[in-house]
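A.B. asks: What follows is data05.cif, mmCIF, C-alpha atoms.
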```cif
data_final
#
loop_
_atom_site.group_PDB
_atom_site.id
_atom_site.type_symbol
_atom_site.label_atom_id
_atom_site.label_comp_id
_atom_site.auth_asym_id
_atom_site.auth_seq_id
_atom_site.Cartn_x
_atom_site.Cartn_y
_atom_site.Cartn_z
ATOM 1 C CA MET R 1 55.981 -133.983 -75.020
ATOM 2 C CA ALA R 2 55.127 -131.589 -77.791
ATOM 3 C CA VAL R 3 57.896 -130.916 -80.282
ATOM 4 C CA GLU R 4 58.838 -127.491 -81.499
ATOM 5 C CA LEU R 5 58.489 -126.924 -85.231
ATOM 6 C CA SER R 6 61.633 -126.041 -87.152
ATOM 7 C CA PRO R 7 61.772 -122.699 -89.007
ATOM 8 C CA LYS R 8 61.294 -124.649 -92.279
ATOM 9 C CA MET R 9 58.176 -126.315 -90.884
ATOM 10 C CA GLN R 10 56.911 -122.995 -89.534
ATOM 11 C CA ALA R 11 57.131 -121.581 -93.065
ATOM 12 C CA PHE R 12 55.729 -124.705 -94.763
ATOM 13 C CA THR R 13 52.646 -124.765 -92.534
ATOM 14 C CA GLN R 14 51.767 -121.209 -93.555
ATOM 15 C CA GLU R 15 51.304 -122.383 -97.152
ATOM 16 C CA VAL R 16 47.732 -122.971 -98.247
ATOM 17 C CA PHE R 17 46.762 -126.584 -98.918
ATOM 18 C CA PRO R 18 44.599 -129.041 -96.989
ATOM 19 C CA ALA R 19 46.079 -131.397 -94.426
ATOM 20 C CA ILE R 20 45.374 -135.082 -94.869
ATOM 21 C CA ILE R 21 44.471 -136.513 -91.478
ATOM 22 C CA GLY R 22 44.604 -140.137 -90.380
ATOM 23 C CA THR R 23 42.604 -141.404 -87.393
ATOM 24 C CA ASN R 24 42.006 -144.852 -85.967
ATOM 25 C CA ARG R 25 38.624 -146.460 -86.507
ATOM 26 C CA LYS R 26 37.184 -148.761 -83.855
ATOM 27 C CA ASP R 27 37.796 -151.808 -86.087
ATOM 28 C CA GLY R 28 41.513 -150.967 -86.264
ATOM 29 C CA SER R 29 41.479 -149.564 -89.778
ATOM 30 C CA VAL R 30 42.557 -146.027 -90.597
ATOM 31 C CA GLU R 31 40.352 -143.259 -91.954
ATOM 32 C CA ILE R 32 42.074 -140.610 -94.070
ATOM 33 C CA VAL R 33 40.444 -137.390 -95.264
ATOM 34 C CA PRO R 34 41.626 -133.949 -96.375
ATOM 35 C CA VAL R 35 40.693 -131.055 -94.041
ATOM 36 C CA TRP R 36 41.444 -127.356 -93.657
ATOM 37 C CA PHE R 37 43.998 -126.578 -90.982
ATOM 38 C CA GLU R 38 46.057 -123.789 -89.527
ATOM 39 C CA GLN R 39 49.200 -123.820 -87.456
ATOM 40 C CA LYS R 40 49.434 -121.244 -84.715
ATOM 41 C CA ASP R 41 51.936 -120.976 -81.872
ATOM 42 C CA GLY R 42 53.221 -124.463 -82.615
ATOM 43 C CA ALA R 43 49.827 -126.191 -82.460
ATOM 44 C CA PHE R 44 47.629 -127.381 -85.330
ATOM 45 C CA TRP R 45 43.951 -126.468 -85.447
ATOM 46 C CA ILE R 46 41.247 -128.144 -87.501
ATOM 47 C CA ASN R 47 37.482 -127.604 -87.567
ATOM 48 C CA GLY R 48 34.556 -129.967 -87.883
ATOM 49 C CA GLY R 49 31.295 -131.161 -86.413
ATOM 50 C CA THR R 50 30.845 -133.566 -83.513
ATOM 51 C CA ASN R 51 29.138 -135.961 -85.945
ATOM 52 C CA ARG R 52 32.230 -136.380 -88.110
ATOM 53 C CA GLY R 53 33.701 -139.852 -88.130
ATOM 54 C CA TRP R 54 37.221 -138.630 -87.507
ATOM 55 C CA PHE R 55 36.138 -136.639 -84.449
ATOM 56 C CA LYS R 56 34.439 -139.702 -82.951
ATOM 57 C CA HIS R 57 37.652 -141.633 -83.537
ATOM 58 C CA LEU R 58 39.658 -138.900 -81.784
ATOM 59 C CA GLU R 59 37.385 -138.973 -78.745
ATOM 60 C CA ARG R 60 38.185 -142.652 -78.363
ATOM 61 C CA ASP R 61 41.849 -142.498 -79.411
ATOM 62 C CA PRO R 62 43.318 -138.951 -79.480
ATOM 63 C CA ARG R 63 46.223 -139.924 -81.726
ATOM 64 C CA ILE R 64 46.130 -138.215 -85.111
ATOM 65 C CA THR R 65 48.608 -138.024 -87.981
ATOM 66 C CA LEU R 66 48.660 -135.120 -90.424
ATOM 67 C CA LEU R 67 50.237 -135.288 -93.828
ATOM 68 C CA LEU R 68 51.052 -131.883 -95.265
ATOM 69 C CA ILE R 69 51.805 -132.032 -98.949
ATOM 70 C CA ASP R 70 52.233 -129.382 -101.590
ATOM 71 C CA PRO R 71 49.757 -130.465 -104.294
ATOM 72 C CA LYS R 72 51.844 -128.733 -106.969
ATOM 73 C CA GLU R 73 55.075 -130.363 -105.949
ATOM 74 C CA MET R 74 54.331 -133.563 -104.126
ATOM 75 C CA PHE R 75 57.901 -134.225 -103.035
ATOM 76 C CA ARG R 76 57.466 -131.355 -100.580
ATOM 77 C CA TRP R 77 55.746 -133.085 -97.694
ATOM 78 C CA ALA R 78 55.849 -133.476 -93.948
ATOM 79 C CA GLN R 79 54.249 -135.956 -91.625
ATOM 80 C CA VAL R 80 53.159 -134.720 -88.214
ATOM 81 C CA GLU R 81 52.192 -137.295 -85.624
ATOM 82 C CA GLY R 82 50.268 -135.723 -82.801
ATOM 83 C CA ARG R 83 47.352 -135.933 -80.477
ATOM 84 C CA MET R 84 44.191 -133.996 -79.821
ATOM 85 C CA VAL R 85 44.819 -132.047 -76.629
ATOM 86 C CA ASN R 86 41.688 -129.954 -76.607
ATOM 87 C CA TRP R 87 38.478 -129.230 -78.439
ATOM 88 C CA ALA R 88 35.932 -126.455 -77.992
ATOM 89 C CA GLU R 89 32.742 -125.200 -79.546
ATOM 90 C CA ASP R 90 33.174 -122.686 -82.330
ATOM 91 C CA PRO R 91 30.377 -120.284 -81.438
ATOM 92 C CA GLY R 92 29.138 -118.381 -84.475
ATOM 93 C CA GLY R 93 31.608 -120.273 -86.645
ATOM 94 C CA GLU R 94 34.307 -117.692 -86.049
ATOM 95 C CA HIS R 95 37.119 -120.221 -86.484
ATOM 96 C CA ILE R 96 35.693 -121.901 -89.599
ATOM 97 C CA ASN R 97 35.263 -118.433 -91.078
ATOM 98 C CA GLN R 98 38.894 -117.658 -90.366
ATOM 99 C CA LEU R 99 39.903 -120.911 -92.092
ATOM 100 C CA SER R 100 37.649 -120.048 -95.030
ATOM 101 C CA HIS R 101 39.532 -116.772 -95.416
ATOM 102 C CA ARG R 102 42.843 -118.644 -95.304
ATOM 103 C CA TYR R 103 41.750 -121.064 -98.038
ATOM 104 C CA LEU R 104 39.158 -119.236 -100.124
ATOM 105 C CA LYS R 105 39.755 -115.583 -99.245
ATOM 106 C CA LYS R 106 36.082 -115.147 -98.447
ATOM 107 C CA ASP R 107 33.456 -115.715 -95.740
ATOM 108 C CA TYR R 108 32.477 -119.294 -94.998
ATOM 109 C CA GLN R 109 29.411 -120.211 -97.071
ATOM 110 C CA GLY R 110 28.308 -123.294 -95.118
ATOM 111 C CA PRO R 111 26.337 -123.521 -91.870
ATOM 112 C CA ARG R 112 28.155 -121.918 -88.953
ATOM 113 C CA THR R 113 26.312 -123.686 -86.173
ATOM 114 C CA GLY R 114 27.270 -126.892 -84.406
ATOM 115 C CA ARG R 115 30.939 -126.524 -85.285
ATOM 116 C CA ILE R 116 33.922 -127.321 -83.106
ATOM 117 C CA LYS R 117 37.614 -126.502 -83.264
ATOM 118 C CA ILE R 118 40.220 -129.072 -82.382
ATOM 119 C CA GLN R 119 43.714 -128.408 -81.077
ATOM 120 C CA ILE R 120 46.476 -130.851 -81.999
ATOM 121 C CA GLU R 121 49.853 -131.020 -80.327
ATOM 122 C CA PRO R 122 52.695 -132.233 -82.600
ATOM 123 C CA LEU R 123 54.740 -135.072 -81.090
ATOM 124 C CA ARG R 124 56.934 -136.087 -84.018
ATOM 125 C CA VAL R 125 57.723 -134.532 -87.392
ATOM 126 C CA THR R 126 59.189 -136.478 -90.305
ATOM 127 C CA GLY R 127 59.288 -136.106 -94.081
ATOM 128 C CA ALA R 128 61.042 -134.194 -96.780
ATOM 129 C CA ILE R 129 60.677 -130.672 -95.380
ATOM 130 C CA ASP R 130 62.881 -131.347 -92.387
ATOM 131 C CA GLY R 131 64.982 -133.852 -94.322
ATOM 132 C CA ARG R 132 64.086 -136.718 -92.013
ATOM 133 C CA ARG R 133 62.330 -139.849 -93.138
ATOM 134 C CA MET I 1 41.123 -159.557 -90.562
ATOM 135 C CA ALA I 2 40.168 -158.715 -94.118
ATOM 136 C CA GLY I 3 40.068 -162.297 -95.281
ATOM 137 C CA ALA I 4 36.434 -162.449 -96.295
ATOM 138 C CA LYS I 5 36.243 -158.996 -97.858
ATOM 139 C CA LYS I 6 35.372 -158.912 -101.503
ATOM 140 C CA ALA I 7 36.997 -156.758 -104.114
ATOM 141 C CA ALA I 8 35.488 -153.347 -104.743
ATOM 142 C CA ALA I 9 35.000 -152.026 -108.259
ATOM 143 C CA LEU I 10 36.393 -148.558 -108.834
ATOM 144 C CA SER I 11 34.127 -145.999 -110.493
ATOM 145 C CA PRO I 12 35.094 -144.322 -113.780
ATOM 146 C CA ALA I 13 35.754 -141.082 -111.828
ATOM 147 C CA VAL I 14 38.197 -142.838 -109.518
ATOM 148 C CA ARG I 15 39.905 -144.592 -112.422
ATOM 149 C CA LYS I 16 40.246 -141.280 -114.258
ATOM 150 C CA LEU I 17 41.862 -139.692 -111.208
ATOM 151 C CA ALA I 18 44.166 -142.694 -110.753
ATOM 152 C CA ALA I 19 45.385 -142.324 -114.335
ATOM 153 C CA LEU I 20 46.951 -138.945 -113.477
ATOM 154 C CA PRO I 21 50.581 -138.937 -112.298
ATOM 155 C CA ILE I 22 49.585 -137.936 -108.760
ATOM 156 C CA LEU I 23 50.811 -139.602 -105.610
ATOM 157 C CA VAL I 24 48.564 -141.765 -103.491
ATOM 158 C CA VAL I 25 48.665 -141.165 -99.743
ATOM 159 C CA ILE I 26 48.793 -144.460 -97.907
ATOM 160 C CA ALA I 27 47.963 -145.026 -94.262
ATOM 161 C CA THR I 28 49.486 -147.941 -92.392
ATOM 162 C CA LYS I 29 49.812 -148.565 -88.688
ATOM 163 C CA ARG I 30 52.956 -148.697 -86.646
ATOM 164 C CA ASN I 31 53.536 -151.395 -84.034
ATOM 165 C CA ASP I 32 51.988 -149.187 -81.344
ATOM 166 C CA GLY I 33 48.887 -148.449 -83.436
ATOM 167 C CA ALA I 34 49.873 -144.898 -84.432
ATOM 168 C CA VAL I 35 48.936 -143.961 -87.978
ATOM 169 C CA GLN I 36 51.727 -143.555 -90.503
ATOM 170 C CA LEU I 37 51.010 -141.573 -93.674
ATOM 171 C CA ASN I 38 53.226 -141.651 -96.751
ATOM 172 C CA PRO I 39 52.809 -140.198 -100.246
ATOM 173 C CA VAL I 40 53.936 -142.858 -102.737
ATOM 174 C CA TRP I 41 54.030 -143.674 -106.437
ATOM 175 C CA PHE I 42 51.392 -146.116 -107.635
ATOM 176 C CA GLU I 43 49.764 -147.619 -110.671
ATOM 177 C CA LEU I 44 46.196 -148.847 -111.053
ATOM 178 C CA LYS I 45 46.079 -151.839 -113.375
ATOM 179 C CA ASP I 46 43.802 -154.855 -113.802
ATOM 180 C CA GLY I 47 41.690 -153.638 -110.870
ATOM 181 C CA PHE I 48 44.627 -153.700 -108.448
ATOM 182 C CA VAL I 49 46.713 -150.918 -106.969
ATOM 183 C CA TRP I 50 50.440 -151.589 -107.415
ATOM 184 C CA LEU I 51 53.034 -149.999 -105.151
ATOM 185 C CA ASN I 52 56.782 -150.434 -104.901
ATOM 186 C CA SER I 53 59.170 -149.869 -102.050
ATOM 187 C CA ASN I 54 62.549 -150.430 -100.570
ATOM 188 C CA THR I 55 62.219 -153.333 -98.115
ATOM 189 C CA ASN I 56 63.947 -151.252 -95.405
ATOM 190 C CA ARG I 57 61.143 -148.691 -95.238
ATOM 191 C CA THR I 58 58.670 -148.784 -92.374
ATOM 192 C CA TRP I 59 55.430 -148.713 -94.314
ATOM 193 C CA PRO I 60 55.935 -152.000 -96.201
ATOM 194 C CA LYS I 61 56.811 -153.622 -92.879
ATOM 195 C CA ASN I 62 53.614 -152.238 -91.330
ATOM 196 C CA LEU I 63 51.655 -153.479 -94.320
ATOM 197 C CA GLN I 64 53.124 -156.964 -94.187
ATOM 198 C CA ARG I 65 52.149 -157.194 -90.529
ATOM 199 C CA ASP I 66 48.538 -155.957 -90.873
ATOM 200 C CA ARG I 67 47.839 -156.822 -94.541
ATOM 201 C CA GLU I 68 45.522 -153.781 -94.604
ATOM 202 C CA LEU I 69 45.907 -150.164 -95.584
ATOM 203 C CA THR I 70 43.881 -147.109 -96.496
ATOM 204 C CA MET I 71 44.679 -145.040 -99.574
ATOM 205 C CA LEU I 72 43.627 -141.517 -100.509
ATOM 206 C CA LEU I 73 43.548 -139.980 -103.945
ATOM 207 C CA VAL I 74 42.943 -136.245 -104.076
ATOM 208 C CA ASP I 75 42.032 -134.306 -107.199
ATOM 209 C CA PRO I 76 44.972 -131.878 -107.530
ATOM 210 C CA LYS I 77 42.678 -129.181 -108.934
ATOM 211 C CA VAL I 78 39.820 -129.605 -106.442
ATOM 212 C CA PRO I 79 41.022 -130.796 -103.017
ATOM 213 C CA ASP I 80 37.416 -131.428 -101.907
ATOM 214 C CA ARG I 81 37.177 -134.211 -104.475
ATOM 215 C CA TYR I 82 38.828 -137.297 -103.127
ATOM 216 C CA ALA I 83 38.451 -141.031 -102.944
ATOM 217 C CA GLN I 84 39.347 -143.064 -99.908
ATOM 218 C CA ILE I 85 40.127 -146.659 -100.796
ATOM 219 C CA ARG I 86 40.576 -149.379 -98.241
ATOM 220 C CA GLY I 87 42.778 -152.149 -99.495
ATOM 221 C CA ARG I 88 44.316 -155.463 -98.653
ATOM 222 C CA LEU I 89 47.779 -156.717 -99.480
ATOM 223 C CA VAL I 90 47.373 -159.776 -101.678
ATOM 224 C CA SER I 91 50.964 -160.373 -102.654
ATOM 225 C CA LEU I 92 54.476 -159.173 -102.297
ATOM 226 C CA ILE I 93 56.577 -159.589 -105.418
ATOM 227 C CA PRO I 94 60.358 -159.134 -105.409
ATOM 228 C CA ASP I 95 61.544 -156.702 -108.078
ATOM 229 C CA PRO I 96 65.213 -157.780 -108.371
ATOM 230 C CA LYS I 97 65.732 -156.336 -111.837
ATOM 231 C CA HIS I 98 63.814 -153.230 -110.765
ATOM 232 C CA GLU I 99 61.594 -153.503 -113.814
ATOM 233 C CA PHE I 100 58.480 -152.406 -111.996
ATOM 234 C CA ILE I 101 60.083 -149.434 -110.229
ATOM 235 C CA ASP I 102 61.528 -148.359 -113.594
ATOM 236 C CA ARG I 103 58.043 -148.442 -115.053
ATOM 237 C CA LEU I 104 56.622 -146.438 -112.151
ATOM 238 C CA SER I 105 59.472 -143.982 -112.430
ATOM 239 C CA ASP I 106 58.703 -143.572 -116.117
ATOM 240 C CA ARG I 107 55.055 -142.827 -115.283
ATOM 241 C CA TYR I 108 56.092 -140.019 -112.937
ATOM 242 C CA THR I 109 59.360 -138.662 -114.280
ATOM 243 C CA GLY I 110 59.624 -139.966 -117.839
ATOM 244 C CA LYS I 111 62.909 -141.611 -116.858
ATOM 245 C CA LYS I 112 64.183 -144.871 -115.434
ATOM 246 C CA PHE I 113 64.563 -145.093 -111.673
ATOM 247 C CA ARG I 114 67.853 -143.930 -110.125
ATOM 248 C CA GLU I 115 70.711 -146.362 -109.464
ATOM 249 C CA LEU I 116 69.899 -148.573 -106.501
ATOM 250 C CA GLU I 117 71.971 -148.415 -103.323
ATOM 251 C CA PRO I 118 74.005 -151.604 -102.720
ATOM 252 C CA SER I 119 71.776 -152.590 -99.775
ATOM 253 C CA GLU I 120 68.519 -151.592 -101.461
ATOM 254 C CA HIS I 121 66.031 -154.311 -102.357
ATOM 255 C CA ARG I 122 62.909 -153.308 -104.218
ATOM 256 C CA VAL I 123 59.609 -155.082 -103.805
ATOM 257 C CA THR I 124 56.244 -154.667 -105.550
ATOM 258 C CA LEU I 125 53.092 -154.719 -103.449
ATOM 259 C CA LYS I 126 49.841 -155.820 -105.051
ATOM 260 C CA ILE I 127 46.798 -154.309 -103.342
ATOM 261 C CA GLN I 128 43.181 -155.388 -103.729
ATOM 262 C CA PRO I 129 40.724 -152.500 -103.250
ATOM 263 C CA VAL I 130 37.994 -153.631 -100.831
ATOM 264 C CA ALA I 131 35.939 -150.489 -100.185
ATOM 265 C CA VAL I 132 35.728 -146.990 -101.644
ATOM 266 C CA THR I 133 34.287 -143.939 -99.897
ATOM 267 C CA GLY I 134 34.577 -140.180 -100.354
ATOM 268 C CA ALA I 135 33.378 -137.498 -102.631
ATOM 269 C CA LEU I 136 34.192 -139.273 -105.887
ATOM 270 C CA ILE I 137 31.671 -142.055 -105.592
ATOM 271 C CA GLU I 138 29.262 -142.246 -108.485
#
```
Can you turn what I pasted into structure tokens?

C.D. replies:
Amino acid sequence: MAVELSPKMQAFTQEVFPAIIGTNRKDGSVEIVPVWFEQKDGAFWINGGTNRGWFKHLERDPRITLLLIDPKEMFRWAQVEGRMVNWAEDPGGEHINQLSHRYLKKDYQGPRTGRIKIQIEPLRVTGAIDGRR
Amino acid sequence: MAGAKKAAALSPAVRKLAALPILVVIATKRNDGAVQLNPVWFELKDGFVWLNSNTNRTWPKNLQRDRELTMLLVDPKVPDRYAQIRGRLVSLIPDPKHEFIDRLSDRYTGKKFRELEPSEHRVTLKIQPVAVTGALIE
């Protein structure tokens, strides 16, 4: 069951910093990388290409953990454990362009073809923002 | 699991980043295989990554079970620059006089660590880097 984000988490996820995502590799180890994200209507959205390692991991095991951390004040953090519930093509790179505006305040400069957007449902939230460890 | 893996040398760029008082994000796995991420204090010294924790926390328990973890260092000024370091727990060292956590605390806050809770036992975790990937490879 998806969890509802608290008002504090709603506000925190509007701040602009990358999410650090953790996915399970086939060999049982964890891959962690920073990615752009947005939170909308209680779900998290990230963007990538089907060739990305983390996306391949998610196709096999949809569990994903996001660490949201304020790079200027690293005690402000939240961990969101969730799962990929959906992914879709991002025709024309509309979604990556939207993310680019969120992070860089300008149009996306990279290639806009072959991109996908991934929807993540939060299942558990812990960390300093909600005061739960 | 990681028994035969050799140590990985860290590049000057990674060592420079690790010298900053930034947190390292560590990934361990829960019992059910779900990924747990925690930002923690660390020190890079003698080619090892040194962490410290309260023995009641989940992540050191996960790490003792699997002996493996993944760590991420992100350049605070340029989030696209990061190093992902896979590591292996080589030893667990009790820190009864909390000397190591005091040193880590000094690195981050310039002060000794807070008073310990009566039930709090600190332990130092020595991590051998085994592979480095990411945008900071030279």

A.B. asks: Using only C-alpha atoms, find the residues of chain I whose closest atom to chain R is at most 7 Å away, then write them as number ranges by chain.

C.D. replies: I: 27, 34-37, 70, 72, 76, 84

A.B. asks: Can you translate the PyMOL selection byres ((chain R and resi 39) around 12) into the concrete residues it hits in this file, as a PyMOL selection string?

C.D. replies: chain R and resi 4-5+9-16+18-19+36-38+40-46+66+68+80+99+102+118-122

A.B. asks: Which residues fall under the PyMOL selection byres ((chain I and resi 38-40) around 6) in this file, as a list in words?

C.D. replies: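 With the shown file as input, the PyMOL selection byres ((chain I and resi 38-40) around 6) matches Leu23, Val24, Val25, Ile26, Leu37 and Trp41 of chain I.
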
A.B. asks: Which polymer residues have any atom within 9 Å of an atom of R:Thr50, counting only C-alpha atoms, with same-chain residues fewer than 3 positions away left out, as a ChimeraX atom specification?

C.D. replies: /R:53,55-56,114-116

A.B. asks: Would you mind reading off the distance between atom CA of I:Glu120 and atom CA of R:Arg124, one decimal, in Å?

C.D. replies: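 Pair atom CA of I:Glu120 / atom CA of R:Arg124 returns 26.1 Å.
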
A.B. asks: At what distance in Å, to one decimal, does atom CA of I:Lys29 lie from atom CA of I:Val78?

C.D. replies: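 Going from atom CA of I:Val78 over to atom CA of I:Lys29 covers 27.8 Å.
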
A.B. asks: Using Å and a single decimal, report how far atom CA of I:Ala13 sits from atom CA of I:Leu125.

C.D. replies: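 Between atom CA of I:Leu125 and atom CA of I:Ala13 the gap is 23.6 Å.
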
A.B. asks: Using all atoms listed in the file, pick whichever of R:His95, R:Asp90, R:Pro62, R:Arg83 has the shortest atom-to-atom distance to R:Val3.

C.D. replies: R:Arg83

A.B. asks: Quick one: which stretch 6-54 of chain I residues come within 8 Å of stretch 61-68 of chain I, and what is the nearest atom pair for each with the distance in Å to one decimal, counting all atoms listed in the file, rows ordered by chain and ascending number, as CSV?

C.D. replies:
```
residue,atom,partner,partner_atom,distance
I:Thr28,CA,I:Asn62,CA,6.1
I:Lys29,CA,I:Asn62,CA,5.9
I:Arg30,CA,I:Asn62,CA,5.9
I:Asn31,CA,I:Asn62,CA,7.3
```

A.B. asks: Could you tell me which of R:Thr113, R:Met1, R:Leu58, R:Asn47 comes closest to R:Ser100 if we count only C-alpha atoms?

C.D. replies: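 Of R:Thr113, R:Met1, R:Leu58, R:Asn47, the one nearest R:Ser100 is R:Asn47, counting only C-alpha atoms.
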
A.B. asks: Output as an mmCIF file, in the frame of the given file: stretch 68-89 of chain R, completed with N, CA and C atoms.

C.D. replies:
```cif
data_model
loop_
_atom_site.group_PDB
_atom_site.id
_atom_site.type_symbol
_atom_site.label_atom_id
_atom_site.label_comp_id
_atom_site.auth_asym_id
_atom_site.auth_seq_id
_atom_site.Cartn_x
_atom_site.Cartn_y
_atom_site.Cartn_z
ATOM 1 N N LEU R 68 51.100 -133.174 -94.582
ATOM 2 C CA LEU R 68 51.052 -131.883 -95.265
ATOM 3 C C LEU R 68 51.816 -132.062 -96.556
ATOM 4 N N ILE R 69 51.153 -131.782 -97.659
ATOM 5 C CA ILE R 69 51.805 -132.032 -98.949
ATOM 6 C C ILE R 69 51.425 -130.945 -99.942
ATOM 7 N N ASP R 70 52.442 -130.421 -100.593
ATOM 8 C CA ASP R 70 52.233 -129.382 -101.590
ATOM 9 C C ASP R 70 51.647 -130.045 -102.839
ATOM 10 N N PRO R 71 50.384 -129.755 -103.169
ATOM 11 C CA PRO R 71 49.757 -130.465 -104.294
ATOM 12 C C PRO R 71 50.442 -130.182 -105.629
ATOM 13 N N LYS R 72 51.175 -129.071 -105.705
ATOM 14 C CA LYS R 72 51.844 -128.733 -106.969
ATOM 15 C C LYS R 72 53.207 -129.394 -107.082
ATOM 16 N N GLU R 73 53.757 -129.741 -105.936
ATOM 17 C CA GLU R 73 55.075 -130.363 -105.949
ATOM 18 C C GLU R 73 55.107 -131.386 -104.810
ATOM 19 N N MET R 74 54.674 -132.594 -105.169
ATOM 20 C CA MET R 74 54.331 -133.563 -104.126
ATOM 21 C C MET R 74 55.540 -134.161 -103.400
ATOM 22 N N PHE R 75 56.748 -133.777 -103.812
ATOM 23 C CA PHE R 75 57.901 -134.225 -103.035
ATOM 24 C C PHE R 75 58.125 -133.339 -101.817
ATOM 25 N N ARG R 76 57.397 -132.214 -101.775
ATOM 26 C CA ARG R 76 57.466 -131.355 -100.580
ATOM 27 C C ARG R 76 56.372 -131.809 -99.616
ATOM 28 N N TRP R 77 56.758 -132.582 -98.637
ATOM 29 C CA TRP R 77 55.746 -133.085 -97.694
ATOM 30 C C TRP R 77 56.331 -133.237 -96.303
ATOM 31 N N ALA R 78 55.449 -133.249 -95.329
ATOM 32 C CA ALA R 78 55.849 -133.476 -93.948
ATOM 33 C C ALA R 78 54.763 -134.294 -93.269
ATOM 34 N N GLN R 79 55.197 -135.181 -92.403
ATOM 35 C CA GLN R 79 54.249 -135.956 -91.625
ATOM 36 C C GLN R 79 54.338 -135.493 -90.169
ATOM 37 N N VAL R 80 53.200 -135.165 -89.605
ATOM 38 C CA VAL R 80 53.159 -134.720 -88.214
ATOM 39 C C VAL R 80 52.324 -135.719 -87.421
ATOM 40 N N GLU R 81 52.948 -136.410 -86.509
ATOM 41 C CA GLU R 81 52.192 -137.295 -85.624
ATOM 42 C C GLU R 81 51.890 -136.504 -84.361
ATOM 43 N N GLY R 82 50.638 -136.526 -83.955
ATOM 44 C CA GLY R 82 50.268 -135.723 -82.801
ATOM 45 C C GLY R 82 49.093 -136.313 -82.054
ATOM 46 N N ARG R 83 48.559 -135.485 -81.167
ATOM 47 C CA ARG R 83 47.352 -135.933 -80.477
ATOM 48 C C ARG R 83 46.451 -134.741 -80.192
ATOM 49 N N MET R 84 45.155 -135.038 -80.154
ATOM 50 C CA MET R 84 44.191 -133.996 -79.821
ATOM 51 C C MET R 84 44.367 -133.675 -78.341
ATOM 52 N N VAL R 85 44.654 -132.418 -78.040
ATOM 53 C CA VAL R 85 44.819 -132.047 -76.629
ATOM 54 C C VAL R 85 43.601 -131.284 -76.112
ATOM 55 N N ASN R 86 42.806 -130.775 -77.024
ATOM 56 C CA ASN R 86 41.688 -129.954 -76.607
ATOM 57 C C ASN R 86 40.695 -129.814 -77.757
ATOM 58 N N TRP R 87 39.426 -129.663 -77.421
ATOM 59 C CA TRP R 87 38.478 -129.230 -78.439
ATOM 60 C C TRP R 87 37.459 -128.331 -77.772
ATOM 61 N N ALA R 88 36.877 -127.426 -78.548
ATOM 62 C CA ALA R 88 35.932 -126.455 -77.992
ATOM 63 C C ALA R 88 34.894 -126.119 -79.047
ATOM 64 N N GLU R 89 33.758 -125.657 -78.592
ATOM 65 C CA GLU R 89 32.742 -125.200 -79.546
ATOM 66 C C GLU R 89 33.280 -123.988 -80.300
#
```
